[in-house]
file upload-v2.txt (compact mmCIF, C-alpha atoms (C1' of nucleotides))
# COMPACT_ATOMS: atom_id res chain seq x y z
CA MET A 299 20.53 -11.97 12.45
CA THR A 300 18.15 -13.26 15.15
CA ASP A 301 15.17 -11.27 14.06
CA ALA A 302 15.51 -12.28 10.46
CA SER A 303 15.04 -15.97 11.11
CA TRP A 304 11.53 -16.70 10.01
CA ASP A 305 9.73 -17.29 6.80
CA ARG A 306 8.70 -13.98 5.33
CA SER A 307 6.93 -15.56 2.42
CA ARG A 308 3.91 -16.36 4.59
CA CYS A 309 3.93 -13.11 6.53
CA SER A 310 0.45 -11.84 7.22
CA VAL A 311 1.42 -8.25 6.56
CA ALA A 312 2.67 -9.16 3.12
CA GLY A 313 -0.37 -11.33 2.52
CA THR A 314 -2.77 -8.60 3.45
CA LEU A 315 -0.94 -6.09 1.33
CA ALA A 316 -1.10 -8.48 -1.59
CA VAL A 317 -4.87 -8.33 -1.25
CA VAL A 318 -5.52 -4.68 -0.42
CA GLY A 319 -2.16 -3.04 -0.98
CA GLU A 320 -2.70 -1.83 -4.49
CA LYS A 321 -3.33 1.79 -5.18
CA TRP A 322 -6.94 2.79 -4.47
CA SER A 323 -7.94 -0.46 -2.78
CA LEU A 324 -7.83 0.91 0.74
CA LEU A 325 -9.40 4.15 -0.39
CA VAL A 326 -12.26 2.22 -1.91
CA LEU A 327 -12.68 0.57 1.46
CA ARG A 328 -12.59 3.93 3.21
CA GLU A 329 -15.54 4.95 1.06
CA ALA A 330 -17.26 1.69 1.81
CA PHE A 331 -16.95 2.37 5.53
CA LEU A 332 -18.39 5.82 4.95
CA GLY A 333 -21.41 4.20 3.35
CA VAL A 334 -20.62 4.82 -0.30
CA ARG A 335 -21.75 1.88 -2.36
CA ARG A 336 -22.23 2.88 -5.97
CA PHE A 337 -19.68 2.90 -8.71
CA ALA A 338 -20.34 6.45 -9.81
CA ASP A 339 -20.12 7.80 -6.27
CA LEU A 340 -16.90 5.96 -5.67
CA GLN A 341 -15.49 7.27 -8.87
CA ARG A 342 -16.49 10.82 -8.08
CA ASN A 343 -15.21 10.75 -4.50
CA LEU A 344 -11.95 9.08 -5.31
CA GLY A 345 -11.09 10.58 -8.65
CA ALA A 346 -9.67 7.25 -9.72
CA PRO A 347 -9.76 6.23 -13.37
CA LYS A 348 -12.77 4.09 -14.14
CA ALA A 349 -10.74 1.20 -15.47
CA VAL A 350 -8.68 1.04 -12.31
CA LEU A 351 -11.74 1.31 -10.12
CA THR A 352 -13.45 -1.47 -12.04
CA ASP A 353 -10.44 -3.64 -11.57
CA ARG A 354 -10.07 -2.92 -7.86
CA LEU A 355 -13.72 -3.59 -7.20
CA ALA A 356 -13.51 -6.86 -9.07
CA THR A 357 -10.47 -7.86 -7.04
CA LEU A 358 -12.11 -6.92 -3.76
CA VAL A 359 -15.21 -8.89 -4.69
CA GLU A 360 -13.10 -11.83 -5.75
CA GLN A 361 -11.32 -11.70 -2.41
CA GLY A 362 -14.59 -11.68 -0.55
CA ILE A 363 -14.05 -8.24 0.92
CA LEU A 364 -16.90 -6.62 -0.95
CA ARG A 365 -19.97 -8.21 -2.40
CA ARG A 366 -21.91 -7.05 -5.41
CA GLU A 367 -25.59 -6.66 -4.70
CA PRO A 368 -28.36 -5.76 -7.06
CA TYR A 369 -30.55 -2.81 -6.17
CA GLN A 370 -33.28 -0.85 -7.81
CA ALA A 371 -33.75 2.87 -7.36
CA ASP A 372 -37.14 4.43 -8.03
CA GLY A 373 -37.85 4.68 -11.72
CA GLU A 374 -34.38 3.55 -12.56
CA ARG A 375 -32.81 0.58 -14.06
CA ARG A 376 -31.59 -2.32 -12.01
CA ARG A 377 -28.01 -1.79 -10.94
CA HIS A 378 -25.69 -3.22 -8.41
CA GLU A 379 -23.84 -1.80 -5.48
CA TYR A 380 -20.78 -2.84 -3.52
CA ARG A 381 -21.10 -3.64 0.16
CA LEU A 382 -18.66 -4.77 2.77
CA THR A 383 -18.67 -8.40 3.77
CA PRO A 384 -17.68 -9.39 7.31
CA LYS A 385 -14.23 -10.05 5.95
CA GLY A 386 -14.20 -6.49 4.66
CA VAL A 387 -15.50 -5.07 7.91
CA ASP A 388 -12.51 -6.68 9.59
CA LEU A 389 -10.31 -4.22 7.75
CA HIS A 390 -11.77 -1.41 9.79
CA PRO A 391 -8.91 -1.30 12.28
CA THR A 392 -6.42 -1.02 9.45
CA LEU A 393 -8.14 2.06 8.12
CA VAL A 394 -8.46 3.52 11.58
CA ALA A 395 -4.75 2.96 12.12
CA LEU A 396 -3.87 4.71 8.88
CA MET A 397 -6.20 7.53 9.74
CA GLN A 398 -4.82 8.00 13.22
CA TRP A 399 -1.31 8.24 11.94
CA GLY A 400 -2.31 10.80 9.36
CA ASP A 401 -4.26 12.78 11.92
CA LYS A 402 -1.22 12.95 14.13
CA HIS A 403 1.50 13.51 11.59
CA LEU A 404 -0.06 15.11 8.56
CA ALA A 405 -3.00 17.17 9.72
CA GLU A 406 -2.27 20.83 9.35
CA ASP A 407 -4.90 22.04 11.72
CA VAL A 408 -7.45 19.56 12.90
CA ALA A 409 -8.28 16.04 11.89
CA PRO A 410 -10.78 16.22 9.02
CA LEU A 411 -12.80 13.27 10.22
CA ALA A 412 -13.57 12.25 13.77
CA LEU A 413 -14.69 8.82 14.88
CA GLU A 414 -17.05 8.66 17.77
CA HIS A 415 -18.63 5.88 19.75
CA ARG A 416 -22.19 5.62 18.53
CA ASP A 417 -23.49 4.82 22.00
CA CYS A 418 -21.86 7.61 23.96
CA GLY A 419 -20.41 10.09 21.50
CA ALA A 420 -16.90 9.89 22.90
CA PRO A 421 -13.99 9.84 20.46
CA VAL A 422 -12.71 6.44 19.52
CA ARG A 423 -9.13 5.30 19.12
CA LEU A 424 -7.09 2.18 18.60
CA GLU A 425 -5.25 0.63 21.49
CA LEU A 426 -2.89 -2.25 21.94
CA ARG A 427 -3.81 -4.54 24.80
CA CYS A 428 -2.62 -7.91 25.94
CA ASP A 429 -4.85 -10.77 26.95
CA ALA A 430 -3.95 -10.16 30.57
CA GLY A 431 -5.70 -6.83 30.25
CA HIS A 432 -2.69 -4.54 30.32
CA GLN A 433 -2.61 -1.63 28.00
CA VAL A 434 0.50 -1.84 25.86
CA SER A 435 1.86 1.61 25.47
CA GLY A 436 4.10 1.21 22.46
CA ALA A 437 5.88 -0.95 19.99
CA ARG A 438 8.82 -1.40 22.29
CA GLU A 439 6.65 -3.32 24.74
CA VAL A 440 5.75 -5.88 22.13
CA ARG A 441 7.93 -8.85 21.37
CA PRO A 442 7.51 -10.51 17.96
CA VAL A 443 7.74 -14.29 18.24
CA PRO A 444 8.15 -16.29 15.05
CA ARG A 445 6.15 -19.48 15.08
CA ALA A 446 6.63 -21.21 11.76
CA ILE A 447 9.51 -23.16 10.34
CA PRO A 448 12.38 -21.68 12.29
CA VAL A 449 15.81 -21.88 10.75
CA SER A 450 17.28 -25.21 11.78
CA PRO A 451 18.96 -24.58 15.13
CA GLY A 452 22.71 -25.08 15.32
CA MET B 12 -25.36 11.48 -0.22
CA THR B 13 -24.83 12.48 3.42
CA ASP B 14 -21.72 10.49 3.95
CA ALA B 15 -20.04 11.87 0.90
CA SER B 16 -20.12 15.46 2.07
CA TRP B 17 -16.62 16.19 3.21
CA ASP B 18 -13.36 17.03 1.65
CA ARG B 19 -11.58 13.83 0.68
CA SER B 20 -8.52 15.65 -0.54
CA ARG B 21 -7.28 16.12 3.00
CA CYS B 22 -8.31 12.70 4.26
CA SER B 23 -5.78 11.25 6.65
CA VAL B 24 -6.08 7.79 5.17
CA ALA B 25 -5.19 9.10 1.74
CA GLY B 26 -2.43 11.25 3.20
CA THR B 27 -0.89 8.33 5.04
CA LEU B 28 -1.11 6.12 1.98
CA ALA B 29 0.58 8.81 -0.05
CA VAL B 30 3.50 8.51 2.34
CA VAL B 31 3.71 4.77 3.00
CA GLY B 32 1.29 3.31 0.48
CA GLU B 33 3.73 2.46 -2.24
CA LYS B 34 4.75 -1.08 -2.84
CA TRP B 35 7.37 -2.26 -0.33
CA SER B 36 7.15 0.74 1.99
CA LEU B 37 5.13 -1.00 4.66
CA LEU B 38 7.16 -4.15 4.26
CA VAL B 39 10.32 -2.17 4.83
CA LEU B 40 8.71 -0.91 8.01
CA ARG B 41 7.77 -4.42 9.03
CA GLU B 42 11.43 -5.31 8.82
CA ALA B 43 12.34 -2.21 10.76
CA PHE B 44 10.00 -3.27 13.56
CA LEU B 45 11.65 -6.68 13.52
CA GLY B 46 14.98 -5.01 14.09
CA VAL B 47 16.41 -5.22 10.60
CA ARG B 48 18.40 -2.09 9.84
CA ARG B 49 20.88 -2.74 7.05
CA PHE B 50 20.31 -2.37 3.37
CA ALA B 51 21.59 -5.81 2.47
CA ASP B 52 19.45 -7.52 5.10
CA LEU B 53 16.38 -5.65 3.98
CA GLN B 54 17.05 -6.57 0.42
CA ARG B 55 17.57 -10.21 1.25
CA ASN B 56 14.49 -10.47 3.47
CA LEU B 57 12.20 -8.61 1.14
CA GLY B 58 13.43 -9.73 -2.24
CA ALA B 59 12.73 -6.25 -3.53
CA PRO B 60 14.77 -4.84 -6.39
CA LYS B 61 17.63 -2.73 -5.10
CA ALA B 62 16.62 0.33 -7.02
CA VAL B 63 13.14 0.26 -5.56
CA LEU B 64 14.46 -0.36 -2.08
CA THR B 65 16.87 2.55 -2.40
CA ASP B 66 14.03 4.76 -3.49
CA ARG B 67 11.67 3.65 -0.71
CA LEU B 68 14.31 4.11 1.93
CA ALA B 69 15.07 7.58 0.63
CA THR B 70 11.38 8.47 0.71
CA LEU B 71 10.93 7.12 4.22
CA VAL B 72 13.97 9.06 5.42
CA GLU B 73 12.71 12.18 3.69
CA GLN B 74 9.37 11.76 5.40
CA GLY B 75 11.02 11.43 8.77
CA ILE B 76 9.87 7.85 9.28
CA LEU B 77 13.32 6.34 9.19
CA ARG B 78 16.64 7.97 9.90
CA ARG B 79 19.97 7.09 8.41
CA GLU B 80 22.63 6.50 11.03
CA PRO B 81 26.29 5.79 10.55
CA TYR B 82 27.69 2.71 12.21
CA GLN B 83 30.95 0.82 12.18
CA ALA B 84 31.19 -2.93 12.37
CA ASP B 85 34.41 -4.59 13.53
CA GLY B 86 37.11 -4.40 10.91
CA GLU B 87 34.69 -3.04 8.40
CA ARG B 88 34.14 0.15 6.64
CA ARG B 89 31.88 2.84 7.92
CA ARG B 90 28.33 2.28 6.74
CA HIS B 91 24.91 3.47 7.68
CA GLU B 92 21.78 1.82 8.85
CA TYR B 93 18.11 2.74 8.86
CA ARG B 94 16.27 3.14 12.13
CA LEU B 95 12.76 4.05 13.02
CA THR B 96 12.08 7.56 14.25
CA PRO B 97 9.23 8.19 16.70
CA LYS B 98 7.11 9.11 13.71
CA GLY B 99 7.96 5.73 12.25
CA VAL B 100 7.23 3.92 15.49
CA ASP B 101 3.76 5.45 15.36
CA LEU B 102 3.06 3.26 12.34
CA HIS B 103 3.21 0.20 14.54
CA PRO B 104 -0.57 -0.08 14.95
CA THR B 105 -0.99 0.04 11.20
CA LEU B 106 1.27 -2.94 10.75
CA VAL B 107 -0.36 -4.78 13.60
CA ALA B 108 -3.75 -4.17 12.01
CA LEU B 109 -2.60 -5.53 8.67
CA MET B 110 -1.06 -8.49 10.38
CA GLN B 111 -4.15 -9.29 12.42
CA TRP B 112 -6.32 -9.26 9.35
CA GLY B 113 -3.95 -11.57 7.53
CA ASP B 114 -3.71 -13.89 10.51
CA LYS B 115 -7.46 -14.18 10.59
CA HIS B 116 -8.26 -14.38 6.90
CA LEU B 117 -5.21 -15.70 5.13
CA ALA B 118 -3.35 -17.96 7.52
CA GLU B 119 -3.59 -21.53 6.40
CA ASP B 120 -2.72 -23.09 9.69
CA VAL B 121 -1.40 -20.82 12.38
CA ALA B 122 -0.25 -17.24 12.39
CA PRO B 123 3.42 -17.22 11.45
CA LEU B 124 4.30 -14.45 13.88
CA ALA B 125 2.90 -13.85 17.34
CA LEU B 126 3.09 -10.61 19.25
CA GLU B 127 3.39 -10.82 22.98
CA HIS B 128 3.49 -8.32 25.78
CA ARG B 129 7.11 -8.06 26.81
CA ASP B 130 6.18 -7.69 30.48
CA CYS B 131 3.83 -10.61 30.86
CA GLY B 132 4.10 -12.75 27.76
CA ALA B 133 0.41 -12.58 26.95
CA PRO B 134 -0.61 -12.21 23.33
CA VAL B 135 -1.25 -8.67 22.19
CA ARG B 136 -4.00 -7.39 19.96
CA LEU B 137 -5.51 -4.14 18.71
CA GLU B 138 -8.72 -2.86 20.21
CA LEU B 139 -11.01 0.03 19.54
CA ARG B 140 -11.93 1.98 22.65
CA CYS B 141 -13.66 5.22 23.28
CA ASP B 142 -12.49 7.89 25.67
CA ALA B 143 -15.27 6.93 28.05
CA GLY B 144 -13.52 3.60 28.41
CA HIS B 145 -15.98 1.43 26.53
CA GLN B 146 -14.63 -1.23 24.29
CA VAL B 147 -15.98 -0.69 20.79
CA SER B 148 -16.76 -4.04 19.32
CA GLY B 149 -16.94 -3.22 15.65
CA ALA B 150 -17.07 -0.75 12.85
CA ARG B 151 -20.81 -0.45 13.12
CA GLU B 152 -20.48 1.09 16.57
CA VAL B 153 -18.35 3.89 15.21
CA ARG B 154 -19.83 7.03 13.69
CA PRO B 155 -17.61 9.00 11.31
CA VAL B 156 -18.08 12.75 11.81
CA PRO B 157 -16.67 15.10 9.19
CA ARG B 158 -15.16 18.19 10.71
CA ALA B 159 -13.69 20.29 7.95
CA ILE B 160 -15.26 22.51 5.33
CA PRO B 161 -18.68 20.92 5.06
CA VAL B 162 -20.54 21.43 1.84
CA SER B 163 -22.42 24.69 2.15
CA PRO B 164 -25.81 23.81 3.65
CA GLY B 165 -28.83 24.42 1.47
C1' DC C 22 50.89 -3.43 -4.90
C1' DC C 23 47.21 -5.89 -6.97
C1' DT C 24 43.20 -8.46 -6.71
C1' DC C 25 39.10 -10.20 -4.47
C1' DC C 26 35.07 -9.62 -1.73
C1' DT C 27 31.13 -7.24 0.33
C1' DG C 28 27.79 -3.50 1.36
C1' DG C 29 25.38 -0.13 -0.72
C1' DG C 30 24.15 1.71 -4.34
C1' DT C 31 23.23 3.47 -9.80
C1' DT C 32 22.02 2.49 -14.66
C1' DC C 33 19.96 0.08 -17.90
C1' DG C 34 16.02 -2.03 -20.97
C1' DT C 35 11.78 -4.35 -20.47
C1' DA C 36 7.31 -5.51 -18.44
C1' DA C 37 3.42 -4.12 -15.87
C1' DA C 38 0.36 -0.72 -13.86
C1' DG C 39 -1.85 3.66 -13.73
C1' DC C 40 -3.84 7.29 -16.29
C1' DG C 41 -7.56 10.31 -19.02
C1' DA C 42 -10.36 10.40 -22.92
C1' DA C 43 -13.37 8.17 -25.86
C1' DC C 44 -16.54 4.77 -26.69
C1' DC C 45 -20.21 1.21 -25.69
C1' DT C 46 -24.51 -0.79 -23.55
C1' DT C 47 -28.70 -1.04 -21.01
C1' DG C 48 -32.87 0.68 -19.78
C1' DC C 49 -35.17 4.52 -18.14
C1' DT C 50 -37.77 9.29 -19.27
C1' DC C 51 -39.60 12.55 -22.42
C1' DG D 190 -37.01 7.22 -30.87
C1' DA D 191 -33.74 10.91 -28.92
C1' DG D 192 -31.53 11.89 -24.89
C1' DC D 193 -29.55 10.66 -20.59
C1' DA D 194 -27.08 8.30 -16.96
C1' DA D 195 -24.77 4.25 -14.56
C1' DG D 196 -21.47 1.21 -15.13
C1' DG D 197 -18.29 -0.35 -17.71
C1' DT D 198 -14.52 -1.45 -21.76
C1' DT D 199 -10.90 0.03 -25.05
C1' DC D 200 -7.09 2.70 -26.39
C1' DG D 201 -2.71 5.02 -26.36
C1' DC D 202 0.50 7.28 -23.25
C1' DT D 203 3.13 7.86 -19.05
C1' DT D 204 4.85 6.17 -14.79
C1' DT D 205 6.50 2.63 -11.91
C1' DA D 206 8.39 -1.94 -10.90
C1' DC D 207 11.46 -5.18 -12.13
C1' DG D 208 15.98 -8.00 -12.58
C1' DA D 209 20.47 -8.01 -14.32
C1' DA D 210 24.49 -5.69 -14.89
C1' DC D 211 27.58 -2.41 -13.50
C1' DC D 212 30.10 0.88 -10.17
C1' DC D 213 32.58 2.41 -6.02
C1' DA D 214 34.83 2.26 -1.50
C1' DG D 215 37.62 0.00 1.55
C1' DG D 216 39.32 -4.00 4.27
C1' DA D 217 41.56 -8.83 3.60
C1' DG D 218 44.80 -11.68 1.60
C1' DG D 219 48.39 -12.91 -1.23
call {"tool": "encode", "arguments": {"input": "upload-v2.txt", "output": "structure tokens"}}
result
Amino acid sequence: MTDASWDRSRCSVAGTLAVVGEKWSLLVLREAFLGVRRFADLQRNLGAPKAVLTDRLATLVEQGILRREPYQADGERRRHEYRLTPKGVDLHPTLVALMQWGDKHLAEDVAPLALEHRDCGAPVRLELRCDAGHQVSGAREVRPVPRAIPVSPG
Amino acid sequence: MTDASWDRSRCSVAGTLAVVGEKWSLLVLREAFLGVRRFADLQRNLGAPKAVLTDRLATLVEQGILRREPYQADGERRRHEYRLTPKGVDLHPTLVALMQWGDKHLAEDVAPLALEHRDCGAPVRLELRCDAGHQVSGAREVRPVPRAIPVSPG
DNA sequence: CCTCCTGGGTTCGTAAAGCGAACCTTGCTC
DNA sequence: GAGCAAGGTTCGCTTTACGAACCCAGGAGG
């Protein structure tokens, strides 16, 4: 029972999923990180229904994860594109985490997309570290500590 | 157009989301990482409908993320509990990433759950690093490099 | 023995979300 | 002024989520 004694209703995992946990949301953000910004390109790359995509984009804009910016291509009408805000950029590790898991457990041959450090070209990966500088090798080395509104102690 | 030129259908992000992207799946895993293993506890903590929970658990077991293990409590009937497999444990960074984002962007006062290094008690966080040992400060320092089946070059 | 209780489900009917196809609108080119 | 394309909206259908009710096994208690 010990580990159940904190208030799930304000859990950050749940909160984040409430914002980006719907179908397509994270895939839209994947595209955003790949530099895709226009509705039609998103729609083509994702294969999502337009209505759903419209709705997801609106939600992400509303949440401050994307922003809608006007742009003007040569000899074309004024349109707008969707770009990541800093708040959206902060979701990068989440996507990397999902990608790394898929690369390890789903890839049939080789990972379809590599991430490399722009400065040195070396492959990039996510790591857990503590503030004392130790690398944390796995989940078992991490202790979750509830902070808010503990169940009234006996 | 450059960044759109690889095969999304085998994207690891999409693949991972296909496995754990449904509603409740990641929250079930959150509970698993907190040590919750029994159906009734999961149901109580999550507030998910039983039918959905049953279905998610079955999917996660099928996918090799959880395993169903028999156990026997004192003076009770033989039941089974759900435990993370190594494949499931590998989803830890994903949950940490979601949590960190929520802690930063949704928390009203203080993060409801802290993670600390079991050995030294220091707070733990996710970091991007390259194999050359550099810390990668943000998404902009990462270059995505498609590897599979590029569009036939002109 | 019969009933209650509890964990772990299944079965329902309804409400919401996702879906593809069709349609609309704006403003460009021809 | 016809055609086209981006970026949507609308529509009807299918799938999924939902909560409430029910079921089943087995130990406890009378």
call {"tool": "interface_residues", "arguments": {"input": "upload-v2.txt", "of": "chain B", "to": "chain D", "cutoff": "8 Å", "atoms": "all atoms listed in the file", "output": "number ranges by chain"}}
result
B: 60, 63, 86-88
call {"tool": "write_last_selection", "arguments": {"input": "upload-v2.txt", "atoms": "C-alpha atoms", "output": "mmCIF file, in the frame of the given file"}}
result
data_model
loop_
_atom_site.group_PDB
_atom_site.id
_atom_site.type_symbol
_atom_site.label_atom_id
_atom_site.label_comp_id
_atom_site.auth_asym_id
_atom_site.auth_seq_id
_atom_site.Cartn_x
_atom_site.Cartn_y
_atom_site.Cartn_z
ATOM 1 C CA PRO B 60 14.770 -4.840 -6.390
ATOM 2 C CA VAL B 63 13.140 0.260 -5.560
ATOM 3 C CA GLY B 86 37.110 -4.400 10.910
ATOM 4 C CA GLU B 87 34.690 -3.040 8.400
ATOM 5 C CA ARG B 88 34.140 0.150 6.640
#
call {"tool": "interface_residues", "arguments": {"input": "upload-v2.txt", "of": "chain A", "to": "chain B", "cutoff": "6 Å", "atoms": "only C-alpha atoms", "output": "count of residues only"}}
result
37
call {"tool": "calpha_fit_and_write", "arguments": {"input": "upload-v2.txt", "fixed": "chain A", "moving": "chain B", "output": "short mmCIF file (atom, residue, chain, number, x, y, z; two decimals) with C-alpha atoms, in the frame of the given file"}}
result
data_model
loop_
_atom_site.label_atom_id
_atom_site.label_comp_id
_atom_site.auth_asym_id
_atom_site.auth_seq_id
_atom_site.Cartn_x
_atom_site.Cartn_y
_atom_site.Cartn_z
CA MET B 12 20.49 -11.96 12.65
CA THR B 13 18.04 -13.33 15.23
CA ASP B 14 15.11 -11.31 14.12
CA ALA B 15 15.49 -12.30 10.53
CA SER B 16 15.01 -15.99 11.15
CA TRP B 17 11.51 -16.73 10.03
CA ASP B 18 9.73 -17.29 6.82
CA ARG B 19 8.70 -13.95 5.36
CA SER B 20 6.93 -15.53 2.44
CA ARG B 21 3.92 -16.33 4.59
CA CYS B 22 3.94 -13.10 6.57
CA SER B 23 0.46 -11.83 7.25
CA VAL B 24 1.43 -8.25 6.58
CA ALA B 25 2.67 -9.15 3.13
CA GLY B 26 -0.36 -11.36 2.54
CA THR B 27 -2.76 -8.60 3.48
CA LEU B 28 -0.93 -6.09 1.34
CA ALA B 29 -1.09 -8.49 -1.56
CA VAL B 30 -4.86 -8.35 -1.22
CA VAL B 31 -5.53 -4.70 -0.40
CA GLY B 32 -2.16 -3.06 -0.95
CA GLU B 33 -2.66 -1.84 -4.46
CA LYS B 34 -3.29 1.77 -5.15
CA TRP B 35 -6.90 2.76 -4.45
CA SER B 36 -7.93 -0.47 -2.74
CA LEU B 37 -7.83 0.91 0.77
CA LEU B 38 -9.38 4.14 -0.37
CA VAL B 39 -12.25 2.22 -1.90
CA LEU B 40 -12.67 0.58 1.48
CA ARG B 41 -12.59 3.92 3.22
CA GLU B 42 -15.52 4.95 1.07
CA ALA B 43 -17.26 1.69 1.82
CA PHE B 44 -16.95 2.37 5.54
CA LEU B 45 -18.40 5.82 4.94
CA GLY B 46 -21.41 4.20 3.35
CA VAL B 47 -20.63 4.83 -0.29
CA ARG B 48 -21.73 1.87 -2.37
CA ARG B 49 -22.23 2.89 -5.98
CA PHE B 50 -19.67 2.90 -8.71
CA ALA B 51 -20.33 6.45 -9.81
CA ASP B 52 -20.11 7.80 -6.26
CA LEU B 53 -16.88 5.96 -5.65
CA GLN B 54 -15.46 7.28 -8.84
CA ARG B 55 -16.48 10.83 -8.07
CA ASN B 56 -15.20 10.75 -4.49
CA LEU B 57 -11.93 9.07 -5.30
CA GLY B 58 -11.08 10.59 -8.64
CA ALA B 59 -9.65 7.24 -9.67
CA PRO B 60 -9.67 6.21 -13.31
CA LYS B 61 -12.69 4.07 -14.10
CA ALA B 62 -10.67 1.20 -15.42
CA VAL B 63 -8.63 1.00 -12.26
CA LEU B 64 -11.70 1.29 -10.09
CA THR B 65 -13.41 -1.49 -12.02
CA ASP B 66 -10.38 -3.66 -11.54
CA ARG B 67 -10.04 -2.93 -7.82
CA LEU B 68 -13.69 -3.58 -7.19
CA ALA B 69 -13.46 -6.87 -9.05
CA THR B 70 -10.44 -7.88 -7.00
CA LEU B 71 -12.09 -6.93 -3.73
CA VAL B 72 -15.21 -8.89 -4.67
CA GLU B 73 -13.09 -11.84 -5.71
CA GLN B 74 -11.31 -11.72 -2.38
CA GLY B 75 -14.59 -11.69 -0.51
CA ILE B 76 -14.05 -8.23 0.93
CA LEU B 77 -16.89 -6.61 -0.93
CA ARG B 78 -19.98 -8.19 -2.39
CA ARG B 79 -21.91 -7.05 -5.40
CA GLU B 80 -25.61 -6.66 -4.69
CA PRO B 81 -28.38 -5.78 -7.08
CA TYR B 82 -30.57 -2.86 -6.18
CA GLN B 83 -33.31 -0.87 -7.84
CA ALA B 84 -33.74 2.85 -7.43
CA ASP B 85 -37.11 4.48 -8.12
CA GLY B 86 -37.85 4.65 -11.81
CA GLU B 87 -34.39 3.49 -12.64
CA ARG B 88 -32.84 0.49 -14.11
CA ARG B 89 -31.60 -2.39 -12.07
CA ARG B 90 -28.03 -1.82 -10.97
CA HIS B 91 -25.70 -3.22 -8.40
CA GLU B 92 -23.83 -1.80 -5.50
CA TYR B 93 -20.78 -2.84 -3.52
CA ARG B 94 -21.09 -3.64 0.15
CA LEU B 95 -18.67 -4.76 2.77
CA THR B 96 -18.69 -8.40 3.78
CA PRO B 97 -17.70 -9.38 7.33
CA LYS B 98 -14.23 -10.04 5.98
CA GLY B 99 -14.22 -6.50 4.67
CA VAL B 100 -15.51 -5.07 7.92
CA ASP B 101 -12.52 -6.69 9.61
CA LEU B 102 -10.31 -4.21 7.77
CA HIS B 103 -11.78 -1.40 9.81
CA PRO B 104 -8.90 -1.29 12.31
CA THR B 105 -6.44 -1.02 9.46
CA LEU B 106 -8.15 2.06 8.14
CA VAL B 107 -8.47 3.53 11.58
CA ALA B 108 -4.76 2.99 12.13
CA LEU B 109 -3.87 4.73 8.89
CA MET B 110 -6.20 7.54 9.74
CA GLN B 111 -4.83 8.02 13.24
CA TRP B 112 -1.31 8.24 11.95
CA GLY B 113 -2.31 10.81 9.36
CA ASP B 114 -4.27 12.81 11.91
CA LYS B 115 -1.23 12.96 14.13
CA HIS B 116 1.50 13.53 11.58
CA LEU B 117 -0.06 15.13 8.55
CA ALA B 118 -3.02 17.18 9.69
CA GLU B 119 -2.31 20.84 9.29
CA ASP B 120 -4.94 22.07 11.66
CA VAL B 121 -7.47 19.57 12.88
CA ALA B 122 -8.30 16.05 11.86
CA PRO B 123 -10.80 16.25 9.01
CA LEU B 124 -12.80 13.26 10.21
CA ALA B 125 -13.58 12.25 13.77
CA LEU B 126 -14.70 8.83 14.88
CA GLU B 127 -17.06 8.66 17.79
CA HIS B 128 -18.64 5.88 19.76
CA ARG B 129 -22.20 5.62 18.53
CA ASP B 130 -23.49 4.84 22.02
CA CYS B 131 -21.87 7.62 23.97
CA GLY B 132 -20.41 10.09 21.51
CA ALA B 133 -16.90 9.88 22.91
CA PRO B 134 -14.01 9.87 20.48
CA VAL B 135 -12.72 6.45 19.53
CA ARG B 136 -9.15 5.33 19.12
CA LEU B 137 -7.09 2.18 18.61
CA GLU B 138 -5.24 0.65 21.51
CA LEU B 139 -2.88 -2.23 21.95
CA ARG B 140 -3.81 -4.53 24.81
CA CYS B 141 -2.63 -7.87 25.95
CA ASP B 142 -4.85 -10.74 26.97
CA ALA B 143 -3.94 -10.13 30.59
CA GLY B 144 -5.69 -6.80 30.25
CA HIS B 145 -2.68 -4.52 30.33
CA GLN B 146 -2.62 -1.60 28.01
CA VAL B 147 0.49 -1.81 25.85
CA SER B 148 1.85 1.66 25.45
CA GLY B 149 4.10 1.23 22.46
CA ALA B 150 5.87 -0.93 19.97
CA ARG B 151 8.81 -1.38 22.27
CA GLU B 152 6.64 -3.27 24.75
CA VAL B 153 5.75 -5.84 22.14
CA ARG B 154 7.93 -8.85 21.39
CA PRO B 155 7.51 -10.48 17.98
CA VAL B 156 7.74 -14.27 18.26
CA PRO B 157 8.14 -16.28 15.07
CA ARG B 158 6.14 -19.47 15.13
CA ALA B 159 6.55 -21.21 11.82
CA ILE B 160 9.40 -23.19 10.33
CA PRO B 161 12.32 -21.69 12.20
CA VAL B 162 15.69 -21.91 10.56
CA SER B 163 17.18 -25.25 11.53
CA PRO B 164 19.10 -24.64 14.77
CA GLY B 165 22.84 -25.12 14.62
#
call {"tool": "closest_atom_pairs", "arguments": {"input": "upload-v2.txt", "of": "chain C", "to": "chain A", "cutoff": "8 Å", "atoms": "all atoms listed in the file", "output": "Markdown table"}}
result
| residue | atom | partner | partner_atom | distance |
| --- | --- | --- | --- | --- |
| C:DG39 | C1' | A:Val350 | CA | 7.5 |
| C:DC40 | C1' | A:Pro347 | CA | 6.7 |
| C:DG41 | C1' | A:Pro347 | CA | 7.3 |
| C:DG48 | C1' | A:Arg375 | CA | 5.7 |
| C:DC49 | C1' | A:Glu374 | CA | 5.7 |
call {"tool": "atom_distance", "arguments": {"input": "upload-v2.txt", "atom1": "atom CA of B:Thr96", "atom2": "atom CA of B:Ala84"}}
result
21.9 Å
call {"tool": "residues_around", "arguments": {"input": "upload-v2.txt", "residues": "A:Arg381", "least_positions_apart": "6", "cutoff": "10 Å", "atoms": "all atoms listed in the file", "output": "PyMOL selection string"}}
result
chain A and resi 327+330-331+333-336+359+363-367+387
call {"tool": "axis_aligned_box", "arguments": {"input": "upload-v2.txt", "around": "stretch 22-28 of chain C", "padding_each_side": "5 Å", "output": "JSON"}}
result
{"center_x": 39.3, "center_y": -6.8, "center_z": -2.8, "size_x": 33.1, "size_y": 16.8, "size_z": 18.3}
